[in-house]
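What follows is a short report on a single structure.
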Protein chains: 2
Amino acid sequence: MAPAVHPSSSSCLTSEADEKYANVNWEELGFTLIPTDYMYVAKCKQGESFSEGKIVPYGDISISPSAGILNYGQGLFEGLKAYRTQMGRITLFRPEQNALRMQMGADRLCMTPPSVDQFVDAVKQTVIANKKWVPPSGKGALYIRPLLIGSGAVLGIASAPEFTFLVYVSPVGNYHKVSSGLNLKVDHTYRRAHTGGTGGVKSCTNYSPVVKSLREAKSAGFSDVLFLDAATGRNIEEVSTCNIFIVKGNIVSTPPTSGTILPGITRKSISELARDIGYRVQERDVSVDELLEAEEVFCTGTAVVVRAVESVTFYDTKIKYITGEKALSTKLHVMLTNIQMGVVEDTKGWMVEINDTIG
Amino acid sequence: MAPAVHPSSSSCLTSEADEKYANVNWEELGFTLIPTDYMYVAKCKQGESFSEGKIVPYGDISISPSAGILNYGQGLFEGLKAYRTQMGRITLFRPEQNALRMQMGADRLCMTPPSVDQFVDAVKQTVIANKKWVPPSGKGALYIRPLLIGSGAVLGIASAPEFTFLVYVSPVGNYHKVSSGLNLKVDHTYRRAHTGGTGGVKSCTNYSPVVKSLREAKSAGFSDVLFLDAATGRNIEEVSTCNIFIVKGNIVSTPPTSGTILPGITRKSISELARDIGYRVQERDVSVDELLEAEEVFCTGTAVVVRAVESVTFYDTKIKYITGEKALSTKLHVMLTNIQMGVVEDTKGWMVEINDTIG
């Protein structure tokens with residue numbers, strides 16, 4: 001695979017012209033693709049390591065019809081965000097965690113990943129090159145999508161002979177259009193993941209299989225779908241694009257990352273923040289029965305951040321939960337976004353500042 | 001997505017120059033990609049139907065970095081073969097069955113499929129355009145790879161706004177290099193599919209997840225991997241790229257197509273041929289215990305055709321099976337390939353002849 005683009009200098013490219021902001025209606029941002037100016041592309045042969053990639057104009061890539069990603073789904077993605085703080089700095093939230101998760105996924109799918117430094121550097125370069133697409137503080141974030149794909153041609157089932165690491169970005173607002181809490185449908189037909197599969201890594205193969213369930217739920221008026229475990233159908237696992245937590249009294253519970261749940265970075269961070277304010281956080285199997293008896297339910301993820309669940313529907317049973325000011329999720333959302341937006345001091349060391357001068 | 005190719009007439013293109021055969025060492029064919037002259041490409045917006053595609057030179061395609069296939073694994077593939085019969089005719093084996101299976105898969109992954117006629121016509125056009133790549137009779141076959149991919153750009157998890165149907169081909173010989181029976185490892189760690197997932201359709205998402213298992217098995221000297229069901233781990237399901245049968249006395253048994261097994265076209269055809277010669281064929285759960293007690297085991301698939309299993313290894317237990325002249329699989333292999341190669345009359349109506357004059 002060769003990117004169908006014109007190579008250009010890889011360091012410190014900035015957006016066309018020097019306007020501070022791109023021509024975007026920042027008040028209307030949703031979660032749809034807004035193409036930006038540049039992307040990052042690096043390639044690597046199987047058995048070798050990634051060398052320095054290039055910042056190139058954002059646009060179509062050129063790929064073999066026989067590529068592993070097109071035929072056998074050999075691909076991973078990541079999702080993280082760049083924020084413009086109140087003071088005008090541009091920061092990333094725990095990007096090394098995404099890099100490490102891509103490495104776990106690459107091991108599972110027999111791919112060569114970029115090193116943590118390469119990953120973080122590529123993300124930084126891509127954000128700098130698209131700086132004017134980072135929304136004004138408080139209006140959204142620049143969603144960053146790193147991809148690792150089997151781009152080499154392969155006929156029998158095997159790992160591709162070449163991999164491509166690519167980073168593109170899009171300014172985004174809220175993932176779900178509704179402004180209140182989510183109304184989730186518990187899916188009792190489709191399952192997302194199984195033990196011995198790829199549910200614990202961010203493989204592209206976990207996502208197209210949930211589209212049908214999501215489409216059916218949305219056409220019935222739900223915001224999203226909550227999947228149950230494939231083995232028993234008794235425990236809750238994950239919403240299509242985010243992790244789930246339940247709250248009862250002082251105990252916050254979330255399914256364990258034992259191979260079928262994505263180890264969410266927001267999940268981990270929110271668990272830490274909940275512990276900081278005195279909650280007991282348990283990572284353990286959570287049954288549908290417990291879900292239906294919870295006081296509060298919420299979701300976490302890079303795209304959704306922290307989002308209260310207003311209701312859950314399981315067959316004909318619909319349960320409503322605490323949302324709004326009294327909800328723990330509201331408190332945790334404020335705590336997290338205050339760190340991300342630089343409103344409070346980052347005592348965790350979670351935020352990584354992007355300087356235009358990075359190499 | 002736009003194919004990075006030059007459009008050309010869609011009907012009756014033939015290979016460059018008029019040599020009967022391409023410059024290939026037909027004695028050494030394996031199952032690796034040999035690029036040919038042409039491929040077929042058609043596109044369709046979501047909510048619309050595929051219109052007539054084009055035969056274009058085989059080569060890289062151009063696709064958005066944000067395409068559904070690259071990010072979320074929204075893709076299906078098919079596999080079928082064109083044969084050069086002893087009389088020099090070029091034929092296909094049950095191509096309408098592949099077309100129907102692509103339609104089932106497209107429904108599962110929320111994609112728009114080509115019609116059966118469009119699919120079969122595209123396959124025929126691609127074979128005719130690459131006629132000189134169809135191996136001489138008895139030396140192999142032209143493997144045909146139809147792909148249906150989400151080629152439109154999408155950011156949140158959803159079906160892509162555009163689909164691409166593409167057909168490319170490669171001359172192939174045997175899928176497995178060994179000339180004797182297969183030595184299978186029963187995988188007790190990784191699982192291939194789960195109920196409520198996509199194991200019953202030819203989704204790309206079923207394949208990259210098995211590469212690690214396959215790689216580990218091959219490096220330990222096995223030919224391939226046999227997967228167990230995800231729910232109980234007690235029943236056999238499928239080999240990485242083919243269906244499995246066990247034989248005991250007059251009874252031939254194979255796992256049922258209840259959502260986790262690919263409904264193989266060779267599987268169905270071989271079941272019919274086995275019944276024709278007096279065997280009872282049962283589609284039912286087959287336990288590992290039964291596998292270990294079977295007299296004979298064999299695999300079926302477009303790539304492998306019918307292939308005897310010489311041994312199965314489950315943890316430390318290695319069982320050997322009947323192979324060679326006395327094996328049912330040998331008899332069935334001859335019956336099937338005699339039909340495919342035009343050695344015997346096709347009383348089933350399975351073979352579809354390709355005429356240069358198709359529209």
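Within each chain, counting starts at residue 1; across the structure tokens, chains are named A, B, ... in the order shown, with ligands numbered 1 upward in that order.
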Rotate and translate chain A onto chain B via least squares on all in-order Cα pairs, then write the result as a short mmCIF file (atom, residue, chain, number, x, y, z; two decimals) with C-alpha atoms, in the first residue's frame.
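Output file part_22.cif is given in full below:
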```cif
data_model
loop_
_atom_site.label_atom_id
_atom_site.label_comp_id
_atom_site.auth_asym_id
_atom_site.auth_seq_id
_atom_site.Cartn_x
_atom_site.Cartn_y
_atom_site.Cartn_z
CA MET A 1 -13.97 5.33 -2.77
CA ALA A 2 -12.91 5.48 -6.38
CA PRO A 3 -10.87 2.73 -7.97
CA ALA A 4 -7.47 4.08 -8.95
CA VAL A 5 -7.81 2.65 -12.38
CA HIS A 6 -8.72 3.62 -15.90
CA PRO A 7 -12.25 2.71 -16.87
CA SER A 8 -12.60 0.42 -19.83
CA SER A 9 -15.33 -1.46 -21.60
CA SER A 10 -17.10 -3.85 -19.29
CA SER A 11 -17.92 -6.61 -21.73
CA CYS A 12 -15.72 -9.31 -23.16
CA LEU A 13 -12.37 -7.85 -22.29
CA THR A 14 -9.81 -10.56 -22.68
CA SER A 15 -6.31 -10.86 -21.30
CA GLU A 16 -3.58 -8.84 -22.92
CA ALA A 17 -2.54 -10.24 -26.24
CA ASP A 18 -4.12 -13.47 -27.29
CA GLU A 19 -1.87 -16.11 -25.80
CA LYS A 20 -3.90 -19.00 -24.46
CA TYR A 21 -2.01 -19.05 -21.17
CA ALA A 22 -0.33 -16.50 -18.95
CA ASN A 23 3.32 -16.93 -18.11
CA VAL A 24 2.90 -19.03 -14.95
CA ASN A 25 4.68 -22.18 -13.84
CA TRP A 26 1.51 -24.29 -13.65
CA GLU A 27 3.34 -27.18 -12.00
CA GLU A 28 4.22 -25.11 -8.94
CA LEU A 29 0.91 -23.48 -8.09
CA GLY A 30 0.22 -23.06 -4.39
CA PHE A 31 -2.29 -20.81 -2.68
CA THR A 32 -0.54 -17.46 -2.87
CA LEU A 33 -1.64 -14.39 -4.76
CA ILE A 34 -0.60 -14.21 -8.40
CA PRO A 35 -1.82 -10.84 -9.66
CA THR A 36 -3.74 -11.09 -12.93
CA ASP A 37 -4.80 -8.56 -15.57
CA TYR A 38 -8.26 -7.38 -14.59
CA MET A 39 -10.74 -6.99 -11.79
CA TYR A 40 -14.37 -5.94 -11.53
CA VAL A 41 -15.51 -2.92 -9.52
CA ALA A 42 -19.01 -1.61 -8.82
CA LYS A 43 -20.19 0.93 -6.27
CA CYS A 44 -23.47 1.74 -4.60
CA LYS A 45 -24.68 4.39 -2.15
CA GLN A 46 -26.49 3.26 0.97
CA GLY A 47 -30.18 2.98 0.23
CA GLU A 48 -29.60 2.51 -3.50
CA SER A 49 -28.84 -0.56 -5.65
CA PHE A 50 -25.70 -1.59 -7.43
CA SER A 51 -25.64 -0.53 -11.02
CA GLU A 52 -23.44 -2.13 -13.67
CA GLY A 53 -19.81 -2.29 -12.63
CA LYS A 54 -16.68 -2.16 -14.74
CA ILE A 55 -13.87 -4.45 -15.66
CA VAL A 56 -10.72 -2.42 -14.95
CA PRO A 57 -7.01 -3.26 -14.82
CA TYR A 58 -6.11 -5.13 -11.63
CA GLY A 59 -4.41 -2.78 -9.20
CA ASP A 60 -4.60 -0.78 -6.02
CA ILE A 61 -7.87 0.87 -5.14
CA SER A 62 -8.26 4.30 -3.63
CA ILE A 63 -10.23 4.47 -0.38
CA SER A 64 -10.97 6.95 2.40
CA PRO A 65 -8.92 6.45 5.60
CA SER A 66 -12.28 6.73 7.35
CA ALA A 67 -13.93 3.92 5.34
CA GLY A 68 -16.11 1.46 7.26
CA ILE A 69 -13.96 -1.48 6.18
CA LEU A 70 -10.72 0.09 7.48
CA ASN A 71 -12.12 1.24 10.81
CA TYR A 72 -14.95 -1.13 11.71
CA GLY A 73 -14.39 -4.26 9.65
CA GLN A 74 -17.51 -3.82 7.53
CA GLY A 75 -16.68 -6.35 4.85
CA LEU A 76 -17.64 -9.73 3.42
CA PHE A 77 -15.79 -11.96 1.05
CA GLU A 78 -16.60 -14.99 -1.04
CA GLY A 79 -14.44 -17.66 -2.59
CA LEU A 80 -15.22 -19.78 -5.63
CA LYS A 81 -13.29 -21.29 -8.50
CA ALA A 82 -13.29 -21.37 -12.27
CA TYR A 83 -12.15 -24.66 -13.83
CA ARG A 84 -10.80 -25.53 -17.25
CA THR A 85 -12.39 -28.84 -18.11
CA GLN A 86 -10.71 -31.63 -20.02
CA MET A 87 -12.62 -30.45 -23.08
CA GLY A 88 -11.29 -26.93 -22.64
CA ARG A 89 -14.52 -25.31 -21.45
CA ILE A 90 -14.34 -22.87 -18.55
CA THR A 91 -16.88 -23.48 -15.82
CA LEU A 92 -17.93 -22.26 -12.38
CA PHE A 93 -19.20 -24.37 -9.48
CA ARG A 94 -22.57 -23.20 -8.10
CA PRO A 95 -21.78 -19.47 -8.22
CA GLU A 96 -25.36 -18.51 -7.35
CA GLN A 97 -24.78 -20.13 -3.94
CA ASN A 98 -21.95 -17.69 -3.23
CA ALA A 99 -24.19 -14.84 -4.36
CA LEU A 100 -26.91 -15.93 -1.95
CA ARG A 101 -24.43 -16.30 0.91
CA MET A 102 -23.15 -12.78 0.24
CA GLN A 103 -26.74 -11.57 0.53
CA MET A 104 -27.15 -13.24 3.93
CA GLY A 105 -23.90 -11.70 5.09
CA ALA A 106 -24.86 -8.28 3.78
CA ASP A 107 -28.06 -8.43 5.79
CA ARG A 108 -26.08 -9.29 8.94
CA LEU A 109 -23.58 -6.46 8.40
CA CYS A 110 -26.17 -3.92 7.19
CA MET A 111 -24.73 -3.63 3.70
CA THR A 112 -26.36 -3.56 0.27
CA PRO A 113 -25.39 -6.67 -1.74
CA PRO A 114 -25.37 -7.10 -5.50
CA SER A 115 -28.28 -9.16 -6.86
CA VAL A 116 -27.60 -12.82 -7.62
CA ASP A 117 -27.52 -12.03 -11.34
CA GLN A 118 -25.15 -9.10 -10.83
CA PHE A 119 -22.87 -11.26 -8.69
CA VAL A 120 -22.74 -14.14 -11.14
CA ASP A 121 -22.36 -11.81 -14.11
CA ALA A 122 -19.49 -9.97 -12.40
CA VAL A 123 -17.76 -13.27 -11.66
CA LYS A 124 -18.15 -14.38 -15.27
CA GLN A 125 -16.87 -11.07 -16.66
CA THR A 126 -13.84 -11.21 -14.38
CA VAL A 127 -13.01 -14.78 -15.39
CA ILE A 128 -13.38 -14.01 -19.10
CA ALA A 129 -11.14 -10.96 -18.78
CA ASN A 130 -8.52 -13.15 -17.07
CA LYS A 131 -9.11 -16.28 -19.16
CA LYS A 132 -5.43 -17.01 -19.77
CA TRP A 133 -4.91 -17.23 -16.00
CA VAL A 134 -7.25 -20.23 -15.68
CA PRO A 135 -4.80 -23.12 -15.18
CA PRO A 136 -4.66 -25.96 -17.70
CA SER A 137 -7.07 -28.77 -16.88
CA GLY A 138 -5.87 -30.74 -13.87
CA LYS A 139 -3.22 -28.20 -12.83
CA GLY A 140 -5.35 -26.13 -10.49
CA ALA A 141 -8.14 -23.57 -10.75
CA LEU A 142 -8.72 -19.85 -10.97
CA TYR A 143 -9.66 -18.78 -7.46
CA ILE A 144 -12.24 -15.98 -7.55
CA ARG A 145 -12.49 -13.54 -4.67
CA PRO A 146 -15.60 -11.35 -4.58
CA LEU A 147 -15.47 -8.65 -1.88
CA LEU A 148 -18.25 -6.45 -0.56
CA ILE A 149 -16.87 -3.64 1.59
CA GLY A 150 -18.07 -0.53 3.37
CA SER A 151 -16.03 1.95 1.35
CA GLY A 152 -17.71 5.17 2.42
CA ALA A 153 -16.35 7.36 5.22
CA VAL A 154 -17.93 7.06 8.65
CA LEU A 155 -16.80 8.26 12.09
CA GLY A 156 -19.25 6.93 14.72
CA ILE A 157 -20.16 3.24 14.62
CA ALA A 158 -22.64 2.85 11.78
CA SER A 159 -22.94 1.35 8.34
CA ALA A 160 -20.83 3.11 5.71
CA PRO A 161 -22.64 5.46 3.31
CA GLU A 162 -21.15 3.69 0.26
CA PHE A 163 -20.37 0.08 -0.61
CA THR A 164 -17.96 -1.37 -3.14
CA PHE A 165 -18.35 -4.76 -4.77
CA LEU A 166 -15.08 -5.96 -6.20
CA VAL A 167 -13.99 -9.23 -7.82
CA TYR A 168 -10.39 -10.27 -8.32
CA VAL A 169 -8.84 -13.62 -9.18
CA SER A 170 -5.66 -15.63 -8.78
CA PRO A 171 -4.63 -19.00 -10.21
CA VAL A 172 -4.19 -21.50 -7.35
CA GLY A 173 -3.16 -25.06 -6.62
CA ASN A 174 -3.53 -26.86 -3.30
CA TYR A 175 -4.38 -24.78 -0.22
CA HIS A 176 -2.27 -26.86 2.14
CA LYS A 177 1.26 -27.65 1.10
CA VAL A 178 1.30 -31.20 2.50
CA SER A 179 0.34 -33.93 0.07
CA SER A 180 -0.94 -36.33 2.74
CA GLY A 181 -3.82 -35.75 5.17
CA LEU A 182 -4.04 -32.77 7.49
CA ASN A 183 -2.75 -32.82 11.04
CA LEU A 184 -5.19 -30.70 13.02
CA LYS A 185 -4.76 -29.15 16.43
CA VAL A 186 -7.93 -28.75 18.48
CA ASP A 187 -7.62 -25.25 19.89
CA HIS A 188 -8.53 -25.11 23.57
CA THR A 189 -7.75 -21.41 24.04
CA TYR A 190 -9.03 -19.39 21.12
CA ARG A 191 -12.59 -19.56 19.82
CA ARG A 192 -13.77 -18.61 16.36
CA ALA A 193 -17.41 -17.63 16.77
CA HIS A 194 -20.30 -17.26 19.20
CA THR A 195 -24.07 -17.42 19.00
CA GLY A 196 -25.37 -13.94 18.18
CA GLY A 197 -22.15 -13.10 16.34
CA THR A 198 -21.13 -13.39 12.69
CA GLY A 199 -19.73 -16.95 12.47
CA GLY A 200 -22.54 -18.01 10.14
CA VAL A 201 -21.68 -15.48 7.43
CA LYS A 202 -18.49 -14.90 5.49
CA SER A 203 -17.62 -11.70 7.33
CA CYS A 204 -14.00 -10.56 7.24
CA THR A 205 -14.33 -10.23 11.01
CA ASN A 206 -14.20 -14.02 11.45
CA TYR A 207 -10.74 -14.37 9.96
CA SER A 208 -8.06 -12.09 11.40
CA PRO A 209 -9.00 -13.31 14.92
CA VAL A 210 -7.93 -16.88 13.99
CA VAL A 211 -4.51 -15.96 12.59
CA LYS A 212 -2.79 -16.15 15.98
CA SER A 213 -4.12 -19.62 16.68
CA LEU A 214 -3.15 -20.73 13.18
CA ARG A 215 0.34 -19.30 13.52
CA GLU A 216 0.91 -21.04 16.85
CA ALA A 217 -0.34 -24.36 15.48
CA LYS A 218 1.75 -24.15 12.32
CA SER A 219 4.88 -23.33 14.25
CA ALA A 220 4.22 -26.48 16.29
CA GLY A 221 4.03 -28.52 13.08
CA PHE A 222 0.26 -28.74 12.60
CA SER A 223 -1.47 -28.14 9.27
CA ASP A 224 -4.43 -26.24 10.63
CA VAL A 225 -6.64 -25.57 13.65
CA LEU A 226 -10.02 -26.98 14.64
CA PHE A 227 -12.10 -24.62 16.77
CA LEU A 228 -14.55 -25.55 19.50
CA ASP A 229 -17.84 -23.80 20.27
CA ALA A 230 -17.48 -20.67 22.40
CA ALA A 231 -20.39 -21.48 24.71
CA THR A 232 -19.27 -24.86 26.08
CA GLY A 233 -15.92 -25.75 24.50
CA ARG A 234 -17.27 -29.29 24.13
CA ASN A 235 -18.34 -29.39 20.47
CA ILE A 236 -16.29 -29.07 17.32
CA GLU A 237 -17.17 -26.26 14.96
CA GLU A 238 -14.93 -25.40 12.07
CA VAL A 239 -11.34 -25.45 10.85
CA SER A 240 -9.87 -21.99 10.11
CA THR A 241 -10.98 -22.03 6.48
CA CYS A 242 -13.11 -25.13 6.04
CA ASN A 243 -15.94 -27.25 7.44
CA ILE A 244 -15.35 -30.58 9.14
CA PHE A 245 -16.98 -34.01 8.91
CA ILE A 246 -16.53 -37.18 10.93
CA VAL A 247 -17.31 -40.70 9.72
CA LYS A 248 -18.23 -43.73 11.80
CA GLY A 249 -19.70 -46.74 10.06
CA ASN A 250 -22.38 -45.60 7.70
CA ILE A 251 -22.90 -42.26 9.41
CA VAL A 252 -21.30 -39.02 8.32
CA SER A 253 -21.73 -36.17 10.82
CA THR A 254 -21.00 -32.48 10.60
CA PRO A 255 -21.82 -29.55 12.91
CA PRO A 256 -25.09 -27.77 12.11
CA THR A 257 -25.22 -24.32 10.54
CA SER A 258 -26.91 -22.67 13.48
CA GLY A 259 -25.08 -19.35 13.35
CA THR A 260 -21.51 -20.15 14.34
CA ILE A 261 -20.56 -22.36 11.38
CA LEU A 262 -20.08 -21.16 7.84
CA PRO A 263 -22.70 -22.75 5.56
CA GLY A 264 -20.13 -24.11 3.14
CA ILE A 265 -21.12 -24.75 -0.45
CA THR A 266 -18.66 -27.64 -0.73
CA ARG A 267 -20.04 -28.87 2.63
CA LYS A 268 -23.57 -28.93 1.21
CA SER A 269 -22.48 -30.56 -2.04
CA ILE A 270 -20.41 -33.23 -0.33
CA SER A 271 -23.31 -34.04 2.01
CA GLU A 272 -25.46 -34.63 -1.04
CA LEU A 273 -22.85 -36.81 -2.74
CA ALA A 274 -22.37 -38.88 0.44
CA ARG A 275 -26.13 -39.45 0.63
CA ASP A 276 -26.12 -40.44 -3.05
CA ILE A 277 -23.80 -43.35 -2.28
CA GLY A 278 -25.79 -44.55 0.70
CA TYR A 279 -24.34 -42.76 3.72
CA ARG A 280 -26.54 -41.21 6.38
CA VAL A 281 -25.50 -37.58 6.78
CA GLN A 282 -26.35 -35.91 10.07
CA GLU A 283 -26.08 -32.21 10.75
CA ARG A 284 -25.89 -32.02 14.53
CA ASP A 285 -23.63 -31.08 17.42
CA VAL A 286 -20.49 -33.21 17.30
CA SER A 287 -18.55 -33.48 20.56
CA VAL A 288 -14.78 -33.67 20.88
CA ASP A 289 -15.31 -37.16 22.35
CA GLU A 290 -17.01 -38.30 19.16
CA LEU A 291 -14.28 -36.72 17.07
CA LEU A 292 -11.68 -38.72 18.96
CA GLU A 293 -13.69 -41.93 18.44
CA ALA A 294 -14.34 -41.41 14.71
CA GLU A 295 -12.93 -43.72 12.04
CA GLU A 296 -12.38 -40.97 9.56
CA VAL A 297 -12.34 -37.19 9.56
CA PHE A 298 -12.24 -34.83 6.61
CA CYS A 299 -12.55 -31.16 5.72
CA THR A 300 -14.38 -29.42 2.90
CA GLY A 301 -14.16 -25.94 1.43
CA THR A 302 -13.67 -24.10 -1.83
CA ALA A 303 -9.97 -23.66 -1.16
CA VAL A 304 -9.27 -27.15 0.28
CA VAL A 305 -11.92 -29.00 -1.81
CA VAL A 306 -12.19 -32.30 0.15
CA ARG A 307 -9.24 -33.06 2.33
CA ALA A 308 -8.63 -36.08 4.57
CA VAL A 309 -7.53 -35.47 8.15
CA GLU A 310 -4.66 -37.73 9.11
CA SER A 311 -4.57 -36.83 12.77
CA VAL A 312 -6.22 -34.70 15.40
CA THR A 313 -4.42 -33.56 18.55
CA PHE A 314 -6.42 -32.49 21.60
CA TYR A 315 -4.14 -31.51 24.50
CA ASP A 316 -1.83 -34.54 24.73
CA THR A 317 -4.08 -36.96 22.87
CA LYS A 318 -3.28 -37.61 19.22
CA ILE A 319 -5.69 -39.73 17.19
CA LYS A 320 -4.98 -41.09 13.72
CA TYR A 321 -7.66 -41.68 11.09
CA ILE A 322 -8.18 -43.63 7.89
CA THR A 323 -6.83 -41.81 4.86
CA GLY A 324 -5.91 -42.90 1.34
CA GLU A 325 -7.75 -45.18 -1.00
CA LYS A 326 -10.03 -46.72 1.59
CA ALA A 327 -11.23 -43.38 2.92
CA LEU A 328 -14.67 -42.04 2.10
CA SER A 329 -13.12 -38.62 1.61
CA THR A 330 -11.02 -39.95 -1.26
CA LYS A 331 -14.13 -41.29 -2.96
CA LEU A 332 -16.04 -38.04 -2.39
CA HIS A 333 -13.09 -36.01 -3.65
CA VAL A 334 -13.08 -37.97 -6.88
CA MET A 335 -16.86 -37.67 -7.26
CA LEU A 336 -16.79 -33.91 -6.73
CA THR A 337 -13.76 -33.10 -8.86
CA ASN A 338 -15.04 -35.35 -11.66
CA ILE A 339 -18.12 -33.16 -11.82
CA GLN A 340 -16.09 -29.96 -11.53
CA MET A 341 -13.61 -30.97 -14.22
CA GLY A 342 -16.27 -32.28 -16.60
CA VAL A 343 -15.01 -35.87 -16.41
CA VAL A 344 -18.51 -37.10 -15.62
CA GLU A 345 -21.84 -35.65 -16.59
CA ASP A 346 -23.15 -32.98 -14.22
CA THR A 347 -26.55 -34.44 -13.40
CA LYS A 348 -26.95 -32.00 -10.48
CA GLY A 349 -26.94 -28.81 -12.53
CA TRP A 350 -24.06 -27.52 -10.42
CA MET A 351 -21.72 -26.38 -13.16
CA VAL A 352 -22.18 -23.08 -14.97
CA GLU A 353 -20.37 -22.67 -18.22
CA ILE A 354 -18.76 -19.38 -19.07
CA ASN A 355 -19.16 -18.21 -22.63
CA ASP A 356 -17.12 -15.35 -23.98
CA THR A 357 -20.32 -13.85 -25.24
CA ILE A 358 -22.09 -13.22 -21.94
CA GLY A 359 -23.46 -9.74 -21.53
#
```
* To do: Could you please write out, as a PyMOL selection string, every residue of segment 55-157 of chain B that DSSP assigns to helix (DSSP H, G or I)?
  => chain B and resi 68-72+95-108+116-129+131-133
* From segment 69-201 of chain B, collect each residue whose DSSP state is strand (DSSP E) and return the set as number ranges by chain. => B: 75-77, 80-84, 90-93, 141-150, 162-172, 182-186
